[in-house]
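Source file: my_file03.tsv (TSV, C-alpha atoms)
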```
chain	number	residue	atom	x	y	z
A	257	MET	CA	-11.70	51.49	-98.26
A	258	HIS	CA	-11.54	50.77	-94.57
A	259	LEU	CA	-9.07	47.96	-93.90
A	260	ALA	CA	-11.32	46.36	-91.32
A	261	TYR	CA	-13.85	45.22	-93.95
A	262	PRO	CA	-11.64	42.68	-95.76
A	263	ALA	CA	-9.91	41.68	-92.53
A	264	VAL	CA	-13.17	40.95	-90.71
A	265	LEU	CA	-14.60	39.17	-93.74
A	266	ALA	CA	-11.50	36.99	-93.89
A	267	VAL	CA	-11.78	36.20	-90.18
A	268	LEU	CA	-15.42	35.22	-90.52
A	269	LEU	CA	-14.76	33.04	-93.56
A	270	PHE	CA	-11.92	31.35	-91.71
A	271	CYS	CA	-14.15	30.61	-88.74
A	272	VAL	CA	-16.89	29.23	-90.99
A	273	GLY	CA	-14.30	26.93	-92.52
A	274	LEU	CA	-13.09	25.98	-89.05
A	275	TYR	CA	-16.61	25.01	-88.06
A	276	GLY	CA	-16.97	22.96	-91.22
A	277	VAL	CA	-13.71	21.10	-90.67
A	278	LEU	CA	-14.68	20.23	-87.12
A	279	ALA	CA	-18.35	19.46	-87.64
A	280	ARG	CA	-18.58	17.72	-90.99
A	281	ARG	CA	-18.49	13.98	-91.33
A	282	ASN	CA	-18.00	13.40	-95.05
A	283	ALA	CA	-14.35	13.78	-96.01
A	284	ILE	CA	-15.17	15.72	-99.16
A	285	LEU	CA	-17.14	18.27	-97.16
A	286	VAL	CA	-14.12	18.61	-94.87
A	287	LEU	CA	-12.03	19.34	-97.96
A	288	MET	CA	-14.52	22.03	-99.00
A	289	SER	CA	-14.18	23.65	-95.59
A	290	VAL	CA	-10.40	23.58	-95.93
A	291	GLU	CA	-10.83	25.41	-99.22
A	292	LEU	CA	-12.86	28.08	-97.43
A	293	MET	CA	-10.09	28.56	-94.87
A	294	LEU	CA	-7.47	28.86	-97.60
A	295	ASN	CA	-9.58	31.44	-99.37
A	296	ALA	CA	-9.82	33.48	-96.20
A	297	VAL	CA	-6.03	33.52	-96.07
A	298	ASN	CA	-5.92	34.59	-99.72
A	299	LEU	CA	-8.26	37.48	-99.05
A	300	ASN	CA	-6.03	38.64	-96.20
A	301	LEU	CA	-2.96	38.44	-98.41
A	302	VAL	CA	-4.53	40.47	-101.21
A	303	ALA	CA	-5.98	43.09	-98.86
A	304	PHE	CA	-2.71	43.63	-97.02
A	305	ASP	CA	-0.76	43.70	-100.27
A	306	VAL	CA	-3.00	46.51	-101.53
A	307	TRP	CA	-2.84	48.28	-98.18
A	308	LEU	CA	0.95	48.22	-97.88
A	309	ARG	CA	1.54	49.01	-101.58
A	310	ASP	CA	4.21	46.35	-101.63
A	311	ALA	CA	6.74	47.01	-104.38
A	312	LEU	CA	7.48	43.30	-104.76
A	313	HIS	CA	3.77	42.38	-104.76
A	314	ALA	CA	4.57	39.64	-102.29
A	315	GLY	CA	0.95	39.26	-101.20
A	316	GLN	CA	-0.36	38.66	-104.68
A	317	ALA	CA	2.49	36.33	-105.60
A	318	LEU	CA	1.87	34.34	-102.42
A	319	THR	CA	-1.84	34.28	-103.24
A	320	LEU	CA	-1.09	32.71	-106.60
A	321	PHE	CA	1.16	30.18	-104.91
A	322	THR	CA	-1.51	29.40	-102.34
A	323	ILE	CA	-4.09	28.85	-105.05
A	324	ALA	CA	-1.78	26.44	-106.88
A	325	ILE	CA	-0.94	24.58	-103.66
A	326	ALA	CA	-4.64	24.36	-102.85
A	327	ALA	CA	-5.27	22.82	-106.25
A	328	ALA	CA	-2.53	20.25	-105.63
A	329	GLU	CA	-3.92	19.60	-102.16
A	330	ILE	CA	-7.43	19.02	-103.41
A	331	GLY	CA	-6.13	16.60	-106.05
A	332	ILE	CA	-4.13	14.53	-103.59
A	333	GLY	CA	-6.87	14.75	-100.97
A	334	LEU	CA	-9.51	13.47	-103.34
A	335	ALA	CA	-7.23	10.64	-104.47
A	336	ILE	CA	-6.78	9.64	-100.82
A	337	VAL	CA	-10.52	9.89	-100.15
A	338	LEU	CA	-11.24	7.72	-103.18
A	339	ALA	CA	-8.65	5.15	-102.04
A	340	VAL	CA	-10.22	5.06	-98.58
A	341	TYR	CA	-13.67	4.73	-100.13
A	342	ARG	CA	-12.56	1.82	-102.29
A	343	ASN	CA	-10.97	0.02	-99.38
A	344	ARG	CA	-13.56	0.73	-96.72
A	345	GLY	CA	-16.75	1.58	-98.55
A	346	THR	CA	-17.19	4.82	-96.63
A	347	SER	CA	-15.88	8.34	-96.74
A	348	ALA	CA	-16.95	9.35	-93.23
A	349	VAL	CA	-13.99	10.62	-91.28
A	350	ASP	CA	-15.25	9.46	-87.90
A	351	ASP	CA	-15.49	5.85	-89.02
A	352	LEU	CA	-11.74	5.67	-89.53
A	353	ARG	CA	-10.73	4.74	-86.02
A	354	ASP	CA	-8.12	2.07	-86.54
A	355	THR	CA	-5.34	3.88	-84.77
A	356	ALA	CA	-7.57	5.32	-82.05
A	357	GLU	CA	-7.12	4.24	-78.46
A	358	LEU	CA	-10.64	3.69	-77.29
A	359	PRO	CA	-11.16	4.37	-73.60
A	360	ASP	CA	-13.82	1.65	-73.23
A	361	ASP	CA	-11.71	-1.05	-74.80
A	362	GLY	CA	-11.34	-2.99	-71.55
A	363	GLY	CA	-8.82	-5.80	-72.14
A	364	ASP	CA	-7.32	-4.01	-75.15
A	365	GLY	CA	-5.17	-7.03	-75.93
A	366	ASP	CA	-7.54	-8.16	-78.65
A	367	GLY	CA	-7.88	-4.94	-80.58
A	368	GLY	CA	-4.24	-4.04	-80.14
A	369	THR	CA	-2.85	-7.27	-81.50
A	370	ASP	CA	-5.41	-7.38	-84.27
A	371	SER	CA	-4.63	-3.99	-85.71
A	372	GLU	CA	-0.95	-4.55	-85.12
A	373	GLY	CA	-1.02	-7.81	-87.00
A	374	ALA	CA	-2.89	-6.28	-89.89
A	375	ALA	CA	-0.44	-3.42	-90.02
A	376	ALA	CA	2.46	-5.86	-90.00
A	377	ASP	CA	0.85	-7.87	-92.77
A	378	GLU	CA	0.37	-4.97	-95.09
A	379	PRO	CA	1.52	-1.53	-94.13
A	380	ASP	CA	-0.27	0.16	-97.01
A	381	GLU	CA	-3.75	-0.88	-95.95
A	382	PRO	CA	-4.19	-1.00	-92.20
A	383	GLY	CA	-6.84	-2.79	-90.34
A	384	LYS	CA	-9.42	-4.95	-91.99
A	385	PRO	CA	-10.44	-6.62	-88.79
A	386	ASP	CA	-12.16	-9.74	-90.05
A	387	GLY	CA	-10.34	-13.00	-90.61
A	388	PRO	CA	-10.56	-13.78	-94.33
A	389	ALA	CA	-9.59	-10.26	-95.25
A	390	ALA	CA	-6.51	-10.52	-93.07
A	391	GLY	CA	-5.62	-13.80	-94.75
A	392	LYS	CA	-6.09	-12.20	-98.13
A	393	ALA	CA	-3.96	-9.29	-97.00
A	394	SER	CA	-1.10	-11.59	-96.10
A	395	GLN	CA	-1.53	-13.31	-99.45
A	396	LYS	CA	-1.29	-9.98	-101.16
A	397	ALA	CA	1.75	-9.12	-99.13
A	398	GLU	CA	3.35	-12.31	-100.39
A	399	ALA	CA	2.32	-11.55	-103.93
A	400	THR	CA	3.73	-8.08	-103.88
A	401	ALA	CA	6.91	-9.07	-102.06
B	25	MET	CA	4.95	48.66	-84.66
B	26	THR	CA	7.08	50.99	-86.73
B	27	LEU	CA	5.51	49.58	-89.87
B	28	ALA	CA	2.04	50.17	-88.54
B	29	ALA	CA	2.96	53.65	-87.45
B	30	ALA	CA	4.44	54.46	-90.85
B	31	GLY	CA	1.43	52.99	-92.62
B	32	HIS	CA	-0.86	54.96	-90.39
B	33	GLY	CA	1.04	58.13	-91.05
B	34	THR	CA	0.99	57.90	-94.84
B	35	LEU	CA	-2.28	56.15	-95.55
B	36	ALA	CA	-4.46	57.91	-93.04
B	37	ALA	CA	-3.22	61.18	-94.43
B	38	ALA	CA	-3.88	60.00	-97.97
B	39	ALA	CA	-7.39	58.71	-97.33
B	40	PRO	CA	-9.23	60.79	-94.77
B	41	GLN	CA	-12.63	59.10	-95.02
B	42	GLY	CA	-14.86	58.84	-92.02
B	43	PHE	CA	-15.86	55.57	-90.51
B	44	LEU	CA	-19.58	56.11	-90.94
B	45	SER	CA	-19.50	57.61	-94.41
B	46	PRO	CA	-18.83	54.62	-96.61
B	47	THR	CA	-17.82	55.01	-100.20
B	48	GLY	CA	-19.45	53.12	-103.04
B	49	VAL	CA	-16.66	50.56	-103.14
B	50	GLU	CA	-17.14	49.89	-99.46
B	51	ILE	CA	-20.87	49.38	-99.86
B	52	ALA	CA	-20.31	46.99	-102.75
B	53	PHE	CA	-17.63	45.17	-100.75
B	54	VAL	CA	-19.93	44.71	-97.76
B	55	LEU	CA	-22.85	43.51	-99.87
B	56	VAL	CA	-20.76	41.00	-101.81
B	57	GLY	CA	-19.12	40.00	-98.54
B	58	LEU	CA	-22.50	39.26	-97.00
B	59	VAL	CA	-23.42	37.09	-99.98
B	60	THR	CA	-20.07	35.30	-99.76
B	61	LEU	CA	-20.39	34.72	-96.05
B	62	GLY	CA	-23.95	33.46	-96.38
B	63	ALA	CA	-22.95	31.06	-99.14
B	64	ALA	CA	-20.06	29.81	-97.00
B	65	VAL	CA	-22.37	29.23	-94.04
B	66	VAL	CA	-24.82	27.32	-96.22
B	67	THR	CA	-21.88	25.30	-97.59
B	68	VAL	CA	-20.89	24.08	-94.17
B	69	THR	CA	-24.40	23.57	-92.83
B	70	THR	CA	-26.48	22.12	-95.65
B	71	ARG	CA	-27.37	18.46	-95.53
B	72	GLN	CA	-27.37	17.96	-99.28
B	73	LEU	CA	-23.83	17.23	-100.38
B	74	VAL	CA	-24.10	18.37	-103.98
B	75	HIS	CA	-25.76	21.60	-102.86
B	76	ALA	CA	-22.76	22.22	-100.63
B	77	ALA	CA	-20.47	22.07	-103.66
B	78	LEU	CA	-22.73	24.42	-105.61
B	79	TRP	CA	-22.90	26.92	-102.76
B	80	LEU	CA	-19.13	26.75	-102.62
B	81	VAL	CA	-19.16	28.06	-106.19
B	82	VAL	CA	-21.14	31.09	-104.99
B	83	ALA	CA	-18.72	31.71	-102.12
B	84	LEU	CA	-15.61	31.44	-104.30
B	85	GLY	CA	-17.14	33.60	-107.03
B	86	GLY	CA	-18.00	36.22	-104.44
B	87	LEU	CA	-14.40	36.19	-103.31
B	88	ALA	CA	-13.32	36.75	-106.92
B	89	VAL	CA	-15.55	39.85	-106.97
B	90	GLU	CA	-13.90	40.99	-103.73
B	91	TYR	CA	-10.49	40.66	-105.36
B	92	LEU	CA	-11.73	42.78	-108.25
B	93	LEU	CA	-12.94	45.41	-105.80
B	94	LEU	CA	-9.49	45.35	-104.18
B	95	THR	CA	-8.00	46.04	-107.66
B	96	ALA	CA	-6.29	42.66	-107.88
B	97	GLU	CA	-7.69	41.67	-111.22
B	98	PHE	CA	-5.25	38.92	-112.12
B	99	ILE	CA	-5.89	37.14	-108.82
B	100	ALA	CA	-9.61	37.43	-109.47
B	101	TRP	CA	-9.42	35.72	-112.84
B	102	VAL	CA	-7.08	33.06	-111.50
B	103	GLN	CA	-9.61	32.48	-108.72
B	104	VAL	CA	-12.41	32.06	-111.22
B	105	LEU	CA	-10.37	29.75	-113.43
B	106	ILE	CA	-8.82	27.50	-110.80
B	107	TYR	CA	-11.30	27.47	-107.94
B	108	VAL	CA	-14.62	27.78	-109.68
B	109	GLY	CA	-13.40	26.02	-112.79
B	110	SER	CA	-11.37	23.09	-111.59
B	111	VAL	CA	-11.50	22.64	-107.83
B	112	VAL	CA	-15.30	22.56	-107.62
B	113	VAL	CA	-15.46	20.21	-110.60
B	114	LEU	CA	-12.96	17.95	-108.86
B	115	LEU	CA	-15.06	18.05	-105.70
B	116	LEU	CA	-18.20	17.18	-107.66
B	117	PHE	CA	-16.36	14.27	-109.28
B	118	GLY	CA	-15.26	13.15	-105.84
B	119	LEU	CA	-18.83	13.29	-104.58
B	120	MET	CA	-20.00	11.24	-107.54
B	121	LEU	CA	-17.21	8.68	-107.27
B	122	THR	CA	-17.85	8.10	-103.58
B	123	ARG	CA	-21.55	7.62	-104.35
B	124	ALA	CA	-22.71	10.48	-102.20
B	125	PRO	CA	-26.46	10.45	-101.67
B	126	ILE	CA	-28.33	12.87	-103.89
B	127	GLY	CA	-31.04	13.92	-101.47
B	128	ARG	CA	-30.83	14.87	-97.85
B	129	SER	CA	-28.33	12.82	-95.88
B	130	PRO	CA	-29.07	12.92	-92.17
B	131	ASP	CA	-25.52	12.07	-91.11
B	132	ALA	CA	-23.72	14.92	-92.84
B	133	ASP	CA	-22.70	16.37	-89.49
B	134	SER	CA	-20.77	14.36	-86.96
B	135	GLY	CA	-21.51	14.17	-83.27
B	136	ASN	CA	-19.14	16.91	-82.19
B	137	ARG	CA	-21.15	19.64	-83.87
B	138	PRO	CA	-21.86	21.67	-80.67
B	139	VAL	CA	-18.18	21.59	-79.78
B	140	ALA	CA	-17.30	22.73	-83.29
B	141	LEU	CA	-19.86	25.53	-83.07
B	142	ALA	CA	-18.45	26.67	-79.72
B	143	VAL	CA	-14.87	26.62	-81.01
B	144	ALA	CA	-15.79	28.49	-84.18
B	145	LEU	CA	-17.79	31.13	-82.32
B	146	ALA	CA	-15.03	31.66	-79.77
B	147	ALA	CA	-12.42	31.97	-82.50
B	148	ALA	CA	-14.62	34.34	-84.49
B	149	GLY	CA	-15.29	36.52	-81.48
B	150	ALA	CA	-11.67	36.75	-80.44
B	151	LEU	CA	-10.34	37.32	-83.94
B	152	VAL	CA	-12.97	39.88	-84.93
B	153	TRP	CA	-12.32	41.81	-81.74
B	154	VAL	CA	-8.55	41.79	-82.24
B	155	VAL	CA	-8.66	42.60	-85.94
B	156	ALA	CA	-11.26	45.33	-85.68
B	157	ASP	CA	-9.38	46.90	-82.80
B	158	ALA	CA	-6.04	46.68	-84.58
B	159	PHE	CA	-7.07	48.08	-87.96
B	160	ARG	CA	-9.70	50.56	-86.79
B	161	THR	CA	-7.80	53.54	-88.14
B	162	GLN	CA	-6.38	52.12	-91.36
B	163	TRP	CA	-7.62	52.81	-94.83
B	164	ILE	CA	-6.75	51.25	-98.16
B	165	ASP	CA	-6.05	53.65	-100.96
B	166	LEU	CA	-7.78	52.17	-103.99
B	167	ASP	CA	-7.18	55.04	-106.39
B	168	LYS	CA	-4.35	53.53	-108.35
B	169	PRO	CA	-4.66	49.80	-108.97
B	170	GLN	CA	-2.15	47.52	-107.33
B	171	GLY	CA	-2.55	44.26	-109.19
B	172	THR	CA	-2.97	44.77	-112.90
B	173	THR	CA	-2.05	41.80	-115.03
B	174	ASP	CA	0.88	43.66	-116.54
B	175	VAL	CA	2.48	44.44	-113.19
B	176	THR	CA	1.69	41.03	-111.70
B	177	GLY	CA	3.21	39.18	-114.63
B	178	SER	CA	6.38	41.21	-114.66
B	179	ILE	CA	6.84	40.94	-110.89
B	180	LEU	CA	6.09	37.23	-110.93
B	181	PHE	CA	8.65	36.44	-113.61
B	182	ARG	CA	11.24	38.92	-112.45
B	183	HIS	CA	11.36	38.54	-108.67
B	184	TRP	CA	9.47	35.33	-108.00
B	185	VAL	CA	10.83	33.04	-110.71
B	186	LEU	CA	12.50	30.52	-108.41
B	187	PRO	CA	9.40	29.91	-106.21
B	188	PHE	CA	7.35	29.73	-109.39
B	189	GLU	CA	9.53	26.97	-110.82
B	190	ALA	CA	9.56	25.13	-107.49
B	191	LEU	CA	5.78	25.35	-107.52
B	192	SER	CA	5.65	23.79	-110.96
B	193	VAL	CA	7.74	20.89	-109.66
B	194	LEU	CA	5.31	20.57	-106.74
B	195	LEU	CA	2.35	20.46	-109.11
B	196	LEU	CA	4.07	17.75	-111.13
B	197	ALA	CA	4.71	15.77	-107.94
B	198	ALA	CA	1.06	16.15	-106.96
B	199	LEU	CA	-0.03	14.94	-110.39
B	200	VAL	CA	2.24	11.89	-110.19
B	201	GLY	CA	1.08	11.22	-106.63
B	202	ALA	CA	-2.59	11.31	-107.57
B	203	ILE	CA	-1.96	8.95	-110.48
B	204	VAL	CA	0.00	6.54	-108.28
B	205	LEU	CA	-2.69	6.53	-105.60
B	206	SER	CA	-5.44	5.81	-108.12
B	207	ARG	CA	-3.47	3.27	-110.12
B	208	ARG	CA	-2.34	1.06	-107.26
B	209	ASN	CA	-5.87	0.92	-105.94
B	210	ALA	CA	-7.18	0.03	-109.38
B	211	ALA	CA	-4.82	-2.94	-109.50
B	212	ARG	CA	-5.75	-3.94	-105.95
B	213	SER	CA	-9.50	-3.86	-106.51
B	214	ASP	CA	-8.96	-5.85	-109.68
B	215	ARG	CA	-7.12	-8.44	-107.63
B	216	ASP	CA	-9.82	-8.49	-104.99
B	217	GLY	CA	-12.71	-8.63	-107.42
B	218	ALA	CA	-11.54	-11.30	-109.85
B	219	PRO	CA	-11.99	-14.94	-108.80
B	220	GLY	CA	-8.64	-15.99	-110.23
B	221	GLY	CA	-6.97	-13.34	-108.17
B	222	ARG	CA	-3.48	-14.80	-108.03
B	223	THR	CA	-2.82	-14.91	-111.73
B	224	GLY	CA	-4.28	-11.47	-112.22
B	225	ALA	CA	-2.06	-10.19	-109.45
B	226	GLY	CA	1.00	-11.73	-111.04
B	227	ASP	CA	0.14	-10.22	-114.40
B	228	SER	CA	-0.41	-6.77	-113.02
B	229	ASP	CA	2.83	-7.02	-111.07
B	230	LYS	CA	4.65	-7.93	-114.23
B	231	GLU	CA	3.03	-5.01	-115.96
B	232	GLN	CA	4.13	-2.70	-113.21
B	233	ARG	CA	7.65	-3.90	-113.52
```
Translate the structure described by the file into C-alpha cells.
Amino acid sequence: MHLAYPAVLAVLLFCVGLYGVLARRNAILVLMSVELMLNAVNLNLVAFDVWLRDALHAGQALTLFTIAIAAAEIGIGLAIVLAVYRNRGTSAVDDLRDTAELPDDGGDGDGGTDSEGAAADEPDEPGKPDGPAAGKASQKAEATA
Amino acid sequence: MTLAAAGHGTLAAAAPQGFLSPTGVEIAFVLVGLVTLGAAVVTVTTRQLVHAALWLVVALGGLAVEYLLLTAEFIAWVQVLIYVGSVVVLLLFGLMLTRAPIGRSPDADSGNRPVALAVALAAAGALVWVVADAFRTQWIDLDKPQGTTDVTGSILFRHWVLPFEALSVLLLAALVGAIVLSRRNAARSDRDGAPGGRTGAGDSDKEQR
C-alpha cells in the first residue's frame, strides 16, 4: 500500500478535529473533536509501525497507550464538564470568561476586585458574581475550613 | 535521512507498485477513508448534538477497519471495544447529564467559526503538501502481518511491561479523580439545595472525615 494514503487520511482527520476544537461551543463536542485528533495520531502510529517493520512494535504499543490515556482523559474531562454544568448551568466553553481580561472593561476595578474576592473566598469555585452567592461562598468556605 | 534512505532502499525494492495502479487493499482503504472522513466532518459540523456522537461512532469504526487493513488486528479490536464501546457511551451520558437539547441547537458553533475554518484549511493544506511530498515514493509491505494478537501480546508484556504498569496506575488515578470530582460536587449541590444547609454541610463534612 502506498504510505501516503494513511498519512494523508491522518492529516485530514487531524485538521477536522482541529476545526471542531476551535469552532465548537459545547464542551462535550470539543471533547469529541479532541478524540478525532487523537485517533489521527493513532492512525499515523499504526501506519508507520507497519511501514518500518519495527521489531519492538513501538507504534502499536504506543497506540494502545494512547487509547488508554484517551479513555482516562475523556473520563476526567466529562467529570469536569459535569462539575462546571452543575455550578454554572451551562456547558458552553465561551461563557466561561471569569479569568479573561476584557478589552472593553473600562474602569476594570470593579470586575477585577469582584473576581479576585470570589477567588479568595473559595478557590475551588471561582466567580459567582452576584452578592448572595458570594456570601454563601464565604459561608461554605467557613464550613469547610 | 539515513532511516528514510534505508527504508526507501528496502521497501521500494520489495513493493514495486505503480502510483496509478492501486491494489485492492488500497481501494478499500481509500473508500473506508472517505467514509471515515465524511463522518468526522459531519461530527464537527452537525447542529444536533446526539447526532454528532452517533457520527463519531461511524468515524471511529471506520478507523478500526483501517487498522484491520493495515494488519493491526489487535489495535482494531481495542479500538472497537474502548472507543466505540465506552468512550462514545460516556459522551452520550455526558450529553444527557448536561441536558443537551435533542433537536437542532442553533448555538452549537461559536462565533470564531470562520477563523477556525481558515486555520484548519491552512493546516490541512500545509500538512497534506508536506506529507504527500515526503512519502511519495514509499510503500507499505502488507504481505506478512505486523500486528497479530500473539505478537502484540508478547511484545507488550516482554518489552513494554513498565509503561504498561505505569499506565494502569494512571488509569486508577483517573478513576479516583473522576469519583472525587463528582462526589464533592454532589455534596456541594446538596448543601446549596437544602434549606437547612448548615446542618447538612456539617453532616457531610463529618461523613467525609
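When atom CA of Ala77 of chain B is paired with atom CA of Val112 of chain B, their separation reads 6.5 Å.
When only C-alpha atoms are used to compute distances to Ala303 of chain A, the closest of the residues A:Ala283, A:Val349, A:Ile330, A:Leu259 turns out to be A:Leu259.
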Do me a favour and pick out the residues of chain A within 6 Å of chain B, using only C-alpha atoms, as a short mmCIF file (atom, residue, chain, number, x, y, z; two decimals) with C-alpha atoms, in the coordinates of the input.
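Now in part10.cif:
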```
data_model
loop_
_atom_site.label_atom_id
_atom_site.label_comp_id
_atom_site.auth_asym_id
_atom_site.auth_seq_id
_atom_site.Cartn_x
_atom_site.Cartn_y
_atom_site.Cartn_z
CA MET A 257 -11.70 51.49 -98.26
CA HIS A 258 -11.54 50.77 -94.57
CA LEU A 259 -9.07 47.96 -93.90
CA ALA A 260 -11.32 46.36 -91.32
CA VAL A 264 -13.17 40.95 -90.71
CA CYS A 271 -14.15 30.61 -88.74
CA TYR A 275 -16.61 25.01 -88.06
CA GLY A 276 -16.97 22.96 -91.22
CA LEU A 278 -14.68 20.23 -87.12
CA ALA A 279 -18.35 19.46 -87.64
CA ARG A 280 -18.58 17.72 -90.99
CA ARG A 281 -18.49 13.98 -91.33
CA VAL A 306 -3.00 46.51 -101.53
CA TRP A 307 -2.84 48.28 -98.18
CA ALA A 328 -2.53 20.25 -105.63
CA ILE A 332 -4.13 14.53 -103.59
CA ALA A 335 -7.23 10.64 -104.47
#
```
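Atom CA of Ala324 of chain A is found 12.0 Å from atom CA of Glu189 of chain B.
Atom CA of Val290 of chain A lies 14.3 Å from atom CA of Val337 of chain A.
Between Ala266 of chain A and the candidates A:Asn282, A:Ser347, A:Gln316, A:Asn295, the tightest atom-to-atom separation, counting only C-alpha atoms, involves A:Asn295.
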I want to know what sits within 8 Å of Met293 of chain A, based on all atoms listed in the file, with residues of the same chain fewer than 3 positions away left out; could you give that as an MDAnalysis selection string? chainID A and resid 269:274 289:290 296:297
Spatial neighbours of Gly315 of chain A, max dist 6 Å, only C-alpha atoms, sep filter under 2 positions, as a VMD selection string: chain A and resid 301 to 302 305 313 317 to 318
How about completing segment 330-341 of chain A with N, CA and C atoms and giving it to me as a compact mmCIF listing (two decimals), keeping the file's coordinate frame?
```txt
# COMPACT_ATOMS: atom_id res chain seq x y z
N ILE A 330 -6.11 19.61 -103.19
CA ILE A 330 -7.43 19.02 -103.41
C ILE A 330 -7.30 17.78 -104.31
N GLY A 331 -6.32 17.79 -105.23
CA GLY A 331 -6.13 16.60 -106.05
C GLY A 331 -5.67 15.41 -105.23
N ILE A 332 -4.64 15.62 -104.42
CA ILE A 332 -4.13 14.53 -103.59
C ILE A 332 -5.17 14.10 -102.56
N GLY A 333 -5.87 15.09 -101.97
CA GLY A 333 -6.87 14.75 -100.97
C GLY A 333 -7.99 13.92 -101.54
N LEU A 334 -8.44 14.27 -102.74
CA LEU A 334 -9.51 13.47 -103.34
C LEU A 334 -9.01 12.09 -103.73
N ALA A 335 -7.76 11.98 -104.16
CA ALA A 335 -7.23 10.64 -104.47
C ALA A 335 -7.20 9.78 -103.20
N ILE A 336 -6.81 10.40 -102.08
CA ILE A 336 -6.78 9.64 -100.82
C ILE A 336 -8.18 9.25 -100.39
N VAL A 337 -9.14 10.20 -100.54
CA VAL A 337 -10.52 9.89 -100.15
C VAL A 337 -11.08 8.77 -101.01
N LEU A 338 -10.75 8.79 -102.31
CA LEU A 338 -11.24 7.72 -103.18
C LEU A 338 -10.59 6.38 -102.82
N ALA A 339 -9.30 6.40 -102.45
CA ALA A 339 -8.65 5.15 -102.04
C ALA A 339 -9.29 4.61 -100.77
N VAL A 340 -9.57 5.50 -99.82
CA VAL A 340 -10.22 5.06 -98.58
C VAL A 340 -11.62 4.52 -98.89
N TYR A 341 -12.32 5.19 -99.81
CA TYR A 341 -13.67 4.73 -100.13
C TYR A 341 -13.63 3.36 -100.79
```
